[in-house]
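Down below is the structure, laid out as structure tokens.
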Amino acid sequence: MRHKWAGVVAAIGGIGLLVAGCGGASTTGSSSSSSPAAASSGSKTVRLIQGGGLDFSDAAIYQAMTLLKQRGYNVSLANVADPTTALRSVLAGKADVYLGAPVEAVTAVTNGHAAVKYIASLAQTSDYEILSLPKYTMENLSGANLATAGPGTAGQIVGIAALQKAGIDTGQIHQVTVGGTSARVTAILSGQVDLAPVLATDAVTAVATGKVKILLNAGQVLGDYLQQGLIASDSFVANTTTAQATVTAFLDAERWAQTSESGYIKTATANQLTQGLTAAESQAAWNQLKDGNFFAANGAVCTQAINQTLDYSYKSPGGLTKASTPPISDWVDPTYVNSYLKAHGQPAGAC
């Protein structure tokens, strides 16, 4: 199962090689429209690409695609094995928009002057939950064991950050390396560990066993922590009509996701994103996403949301530093989100 931050973590280690390996015009500051594969100006084609798989939290992507098709656009979605391959496709002009995290965009621009812009956010917060054995509360965590996949991994970063922001002294918690999400769920259900950060869908299925509870919704605690958005090639951004239509469709879909429980679950089911969830578990998973403010209904490209996300990313070893990060204006283009907000009677820069 894919998590947005997994893409960020992978990209932090390999994005420099990714950009360098693309070569030519697609990695310079000039427009990638020189690539024969890039969509031409005025094109009504939108080529989306995703890296690392799709899950329950991605149903709004399919809603956005449906809206674009209804509005006269040709839309495709490619799904590749990893985020670096997906971003490479955009850099090479083989796709228009990568559904990735803002940290991936800024890293590509920092390391290789990549011709991309981050133009809208889709996932505004983390969809991790911290599971605990029933005996634990926020007041008695001292000495508890927290299962992660190891230092610097998505669950470890999010889990520790959420606990710290909630006022917990994480120095009193013992971190143990267990493995991926399924291994962590198995470990806590068997009572081998006390705490485990897992994605919302995994959390609700674990809670259904009656052996664990959700101690903390990381999205609620951490606030703005942008996990996924639209990373578009410069040539696509320059096609203003199609770029605006794409952002509009995705923000319409995020607002739909936030308010339409039945429609969201129906779309997730139709596109095989429920992956064994029962109807009740699907409802619980949607509620966890909604309660965690996961859906970026306003596009979340405001300075506060970007800076807070970067601040969290600086804590990841071997990644970006504050000193190496270019100005937001170098890699974020809020034009289309702000136009959408204005059309809906909201001020530019609202989050």
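Convention: chains lettered A, B, ... in structure tokens order; per-chain residue numbering from 1; ligands numbered from 1 as shown.
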
Point to revise | Residues of range 127-261 of chain A in strand (DSSP E), written as a PyMOL selection string | key: chain A and resi 128-132+145-148+174-177+195-199+213-217+228-233

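The residue set within 10 Å of Val178 in chain A, counting only C-alpha atoms and dropping same-chain residues fewer than 5 places from it, reads Leu146, Ala147, Thr148, Ala149, Gly150, Ala183, Arg184, Val185, Thr186, Ala187, Val193 and Ala196 of chain A.
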
Check your understanding: When distances are computed from only C-alpha atoms, which of A:Leu310, A:Ala232, A:Ala114, A:Ile328 shows the smallest separation from Leu48 in chain A?
Key -> A:Ala232

Practice item. Please identify all polymer residues within 10 Å of Glu129 in chain A, counting only C-alpha atoms, omitting same-chain residues fewer than 5 positions from it, and present them as a list of chain:residue names. Key: A:Gly155, A:Val158, A:Gly159, A:Ala162, A:Ala196, A:Pro197, A:Val198, A:Leu199, A:Ala200, A:Thr201, A:Asp202, A:Ala203, A:Val204, A:Lys213, A:Ile214, A:Leu215, A:Leu216, A:Asn217, A:Ala218, A:Gly219, A:Gln220, A:Gln288, A:Leu289, A:Gly292

Grab the residues selected above and save them as a compact mmCIF listing (two decimals), in the first residue's frame with all heavy atoms.
```txt
# COMPACT_ATOMS: atom_id res chain seq x y z
N GLY A 155 6.72 6.26 8.31
CA GLY A 155 5.99 6.06 9.55
C GLY A 155 6.75 6.55 10.77
O GLY A 155 6.16 7.10 11.70
N VAL A 158 6.69 10.53 10.72
CA VAL A 158 5.36 11.05 11.04
C VAL A 158 4.97 10.70 12.47
O VAL A 158 4.45 11.54 13.21
CB VAL A 158 4.32 10.51 10.04
CG1 VAL A 158 2.91 10.91 10.46
CG2 VAL A 158 4.62 11.03 8.64
N GLY A 159 5.23 9.46 12.87
CA GLY A 159 4.84 9.02 14.20
C GLY A 159 5.52 9.82 15.30
O GLY A 159 4.86 10.30 16.24
N ALA A 162 4.30 13.52 15.30
CA ALA A 162 2.96 13.67 15.86
C ALA A 162 2.97 13.54 17.38
O ALA A 162 2.32 14.31 18.09
CB ALA A 162 2.01 12.66 15.24
N ALA A 196 2.14 1.60 17.08
CA ALA A 196 2.56 1.41 15.69
C ALA A 196 1.89 2.46 14.80
O ALA A 196 0.66 2.56 14.80
CB ALA A 196 2.20 0.01 15.19
N PRO A 197 2.66 3.24 14.03
CA PRO A 197 2.07 4.16 13.05
C PRO A 197 1.71 3.40 11.78
O PRO A 197 2.55 2.71 11.20
CB PRO A 197 3.19 5.17 12.80
CG PRO A 197 4.45 4.43 13.10
CD PRO A 197 4.12 3.38 14.11
N VAL A 198 0.45 3.50 11.35
CA VAL A 198 0.00 2.82 10.14
C VAL A 198 -0.96 3.74 9.39
O VAL A 198 -1.47 4.71 9.95
CB VAL A 198 -0.70 1.47 10.44
CG1 VAL A 198 0.23 0.53 11.20
CG2 VAL A 198 -1.99 1.67 11.22
N LEU A 199 -1.22 3.43 8.12
CA LEU A 199 -2.14 4.24 7.34
C LEU A 199 -3.58 4.05 7.82
O LEU A 199 -3.91 3.05 8.45
CB LEU A 199 -2.03 3.87 5.87
CG LEU A 199 -0.64 4.06 5.24
CD1 LEU A 199 -0.66 3.67 3.78
CD2 LEU A 199 -0.17 5.49 5.40
N ALA A 200 -4.44 5.00 7.47
CA ALA A 200 -5.81 5.01 7.97
C ALA A 200 -6.55 3.72 7.68
O ALA A 200 -7.25 3.18 8.54
CB ALA A 200 -6.57 6.20 7.39
N THR A 201 -6.41 3.21 6.45
CA THR A 201 -7.14 1.99 6.10
C THR A 201 -6.65 0.80 6.91
O THR A 201 -7.45 -0.04 7.35
CB THR A 201 -6.99 1.68 4.60
OG1 THR A 201 -5.60 1.77 4.23
CG2 THR A 201 -7.80 2.65 3.76
N ASP A 202 -5.35 0.70 7.14
CA ASP A 202 -4.81 -0.39 7.95
C ASP A 202 -5.23 -0.23 9.40
O ASP A 202 -5.45 -1.21 10.11
CB ASP A 202 -3.29 -0.41 7.84
CG ASP A 202 -2.82 -0.66 6.42
OD1 ASP A 202 -2.92 -1.79 5.95
OD2 ASP A 202 -2.37 0.30 5.77
N ALA A 203 -5.34 1.02 9.84
CA ALA A 203 -5.75 1.26 11.22
C ALA A 203 -7.17 0.77 11.48
O ALA A 203 -7.43 0.12 12.50
CB ALA A 203 -5.65 2.76 11.54
N VAL A 204 -8.09 1.06 10.56
CA VAL A 204 -9.48 0.68 10.83
C VAL A 204 -9.67 -0.83 10.78
O VAL A 204 -10.47 -1.38 11.54
CB VAL A 204 -10.45 1.38 9.86
CG1 VAL A 204 -10.39 2.89 10.03
CG2 VAL A 204 -10.21 1.00 8.42
N LYS A 213 -6.52 0.11 19.48
CA LYS A 213 -7.33 1.31 19.28
C LYS A 213 -6.47 2.36 18.57
O LYS A 213 -5.24 2.25 18.50
CB LYS A 213 -7.83 1.85 20.62
CG LYS A 213 -6.72 2.37 21.53
CD LYS A 213 -7.29 2.89 22.84
CE LYS A 213 -6.17 3.45 23.72
NZ LYS A 213 -6.69 3.96 25.02
N ILE A 214 -7.13 3.37 18.04
CA ILE A 214 -6.41 4.51 17.46
C ILE A 214 -6.12 5.49 18.58
O ILE A 214 -7.03 6.06 19.18
CB ILE A 214 -7.23 5.18 16.35
CG1 ILE A 214 -7.38 4.23 15.15
CG2 ILE A 214 -6.55 6.48 15.90
CD1 ILE A 214 -8.28 4.76 14.04
N LEU A 215 -4.85 5.67 18.88
CA LEU A 215 -4.43 6.58 19.94
C LEU A 215 -4.37 8.01 19.44
O LEU A 215 -4.71 8.95 20.16
CB LEU A 215 -3.06 6.16 20.46
CG LEU A 215 -2.46 7.00 21.59
CD1 LEU A 215 -3.24 6.76 22.88
CD2 LEU A 215 -0.98 6.68 21.78
N LEU A 216 -3.94 8.18 18.17
CA LEU A 216 -3.66 9.50 17.65
C LEU A 216 -3.88 9.53 16.15
O LEU A 216 -3.44 8.62 15.44
CB LEU A 216 -2.20 9.84 17.96
CG LEU A 216 -1.75 11.29 17.95
CD1 LEU A 216 -2.44 12.08 19.05
CD2 LEU A 216 -0.23 11.36 18.15
N ASN A 217 -4.58 10.55 15.67
CA ASN A 217 -4.72 10.81 14.25
C ASN A 217 -3.66 11.84 13.89
O ASN A 217 -3.75 13.00 14.27
CB ASN A 217 -6.13 11.34 13.95
CG ASN A 217 -6.38 11.59 12.47
OD1 ASN A 217 -5.50 12.08 11.76
ND2 ASN A 217 -7.57 11.28 12.01
N ALA A 218 -2.61 11.39 13.18
CA ALA A 218 -1.47 12.27 12.91
C ALA A 218 -1.88 13.51 12.12
O ALA A 218 -1.33 14.60 12.32
CB ALA A 218 -0.38 11.51 12.16
N GLY A 219 -2.84 13.37 11.21
CA GLY A 219 -3.29 14.51 10.43
C GLY A 219 -3.85 15.61 11.31
O GLY A 219 -3.57 16.79 11.10
N GLN A 220 -4.65 15.22 12.30
CA GLN A 220 -5.23 16.21 13.20
C GLN A 220 -4.16 16.92 14.01
O GLN A 220 -4.24 18.12 14.25
CB GLN A 220 -6.21 15.53 14.16
CG GLN A 220 -7.53 15.11 13.51
CD GLN A 220 -8.46 14.45 14.52
OE1 GLN A 220 -8.02 13.67 15.37
NE2 GLN A 220 -9.73 14.77 14.45
N GLN A 288 -11.80 8.84 9.09
CA GLN A 288 -10.46 9.17 9.58
C GLN A 288 -9.78 10.19 8.66
O GLN A 288 -9.12 11.12 9.13
CB GLN A 288 -9.60 7.90 9.67
CG GLN A 288 -9.95 6.99 10.83
CD GLN A 288 -9.74 7.66 12.18
OE1 GLN A 288 -8.75 8.34 12.40
NE2 GLN A 288 -10.67 7.48 13.09
N LEU A 289 -9.94 10.02 7.34
CA LEU A 289 -9.37 10.98 6.40
C LEU A 289 -10.01 12.36 6.57
O LEU A 289 -9.33 13.38 6.61
CB LEU A 289 -9.55 10.48 4.97
CG LEU A 289 -8.80 9.20 4.59
CD1 LEU A 289 -9.18 8.75 3.18
CD2 LEU A 289 -7.28 9.40 4.69
N GLY A 292 -9.03 14.03 9.81
CA GLY A 292 -7.64 14.46 9.78
C GLY A 292 -7.38 15.60 8.82
O GLY A 292 -6.23 15.97 8.61
```

Kindly assemble as a tab-separated table a list of the range 236-309 of chain A residues that lie within 10 Å of range 82-96 of chain A, each paired with its nearest atom pair and their distance in Å to one decimal, using only C-alpha atoms, sorted first by chain and then by ascending residue number.
```
residue	atom	partner	partner_atom	distance
A:Phe236	CA	A:Asp96	CA	6.0
A:Val237	CA	A:Asp96	CA	9.0
A:Ala243	CA	A:Asp96	CA	9.8
```

Practice item. Pick out the closest residue to Pro317 in chain A from this set: A:Pro151, A:Gly112, A:Gly72, A:Gly191. Count only C-alpha atoms. Key: A:Pro151

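Computed from the coordinates, the CA of Val332 in chain A to CA of Val301 in chain A distance equals 7.6 Å.
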
Check your understanding: Of the candidates A:Asn293, A:Leu273, A:Ile61, A:Ile188, which shows the shortest atom-to-atom distance to Ile130 in chain A, using only C-alpha atoms?
Key -> A:Ile188

Point to revise | Picked from range 140-273 of chain A by DSSP as alpha helix (DSSP H), as a PyMOL selection string | key: chain A and resi 154-165+181-189+200-207+218-222+234-238+240-259+261-270
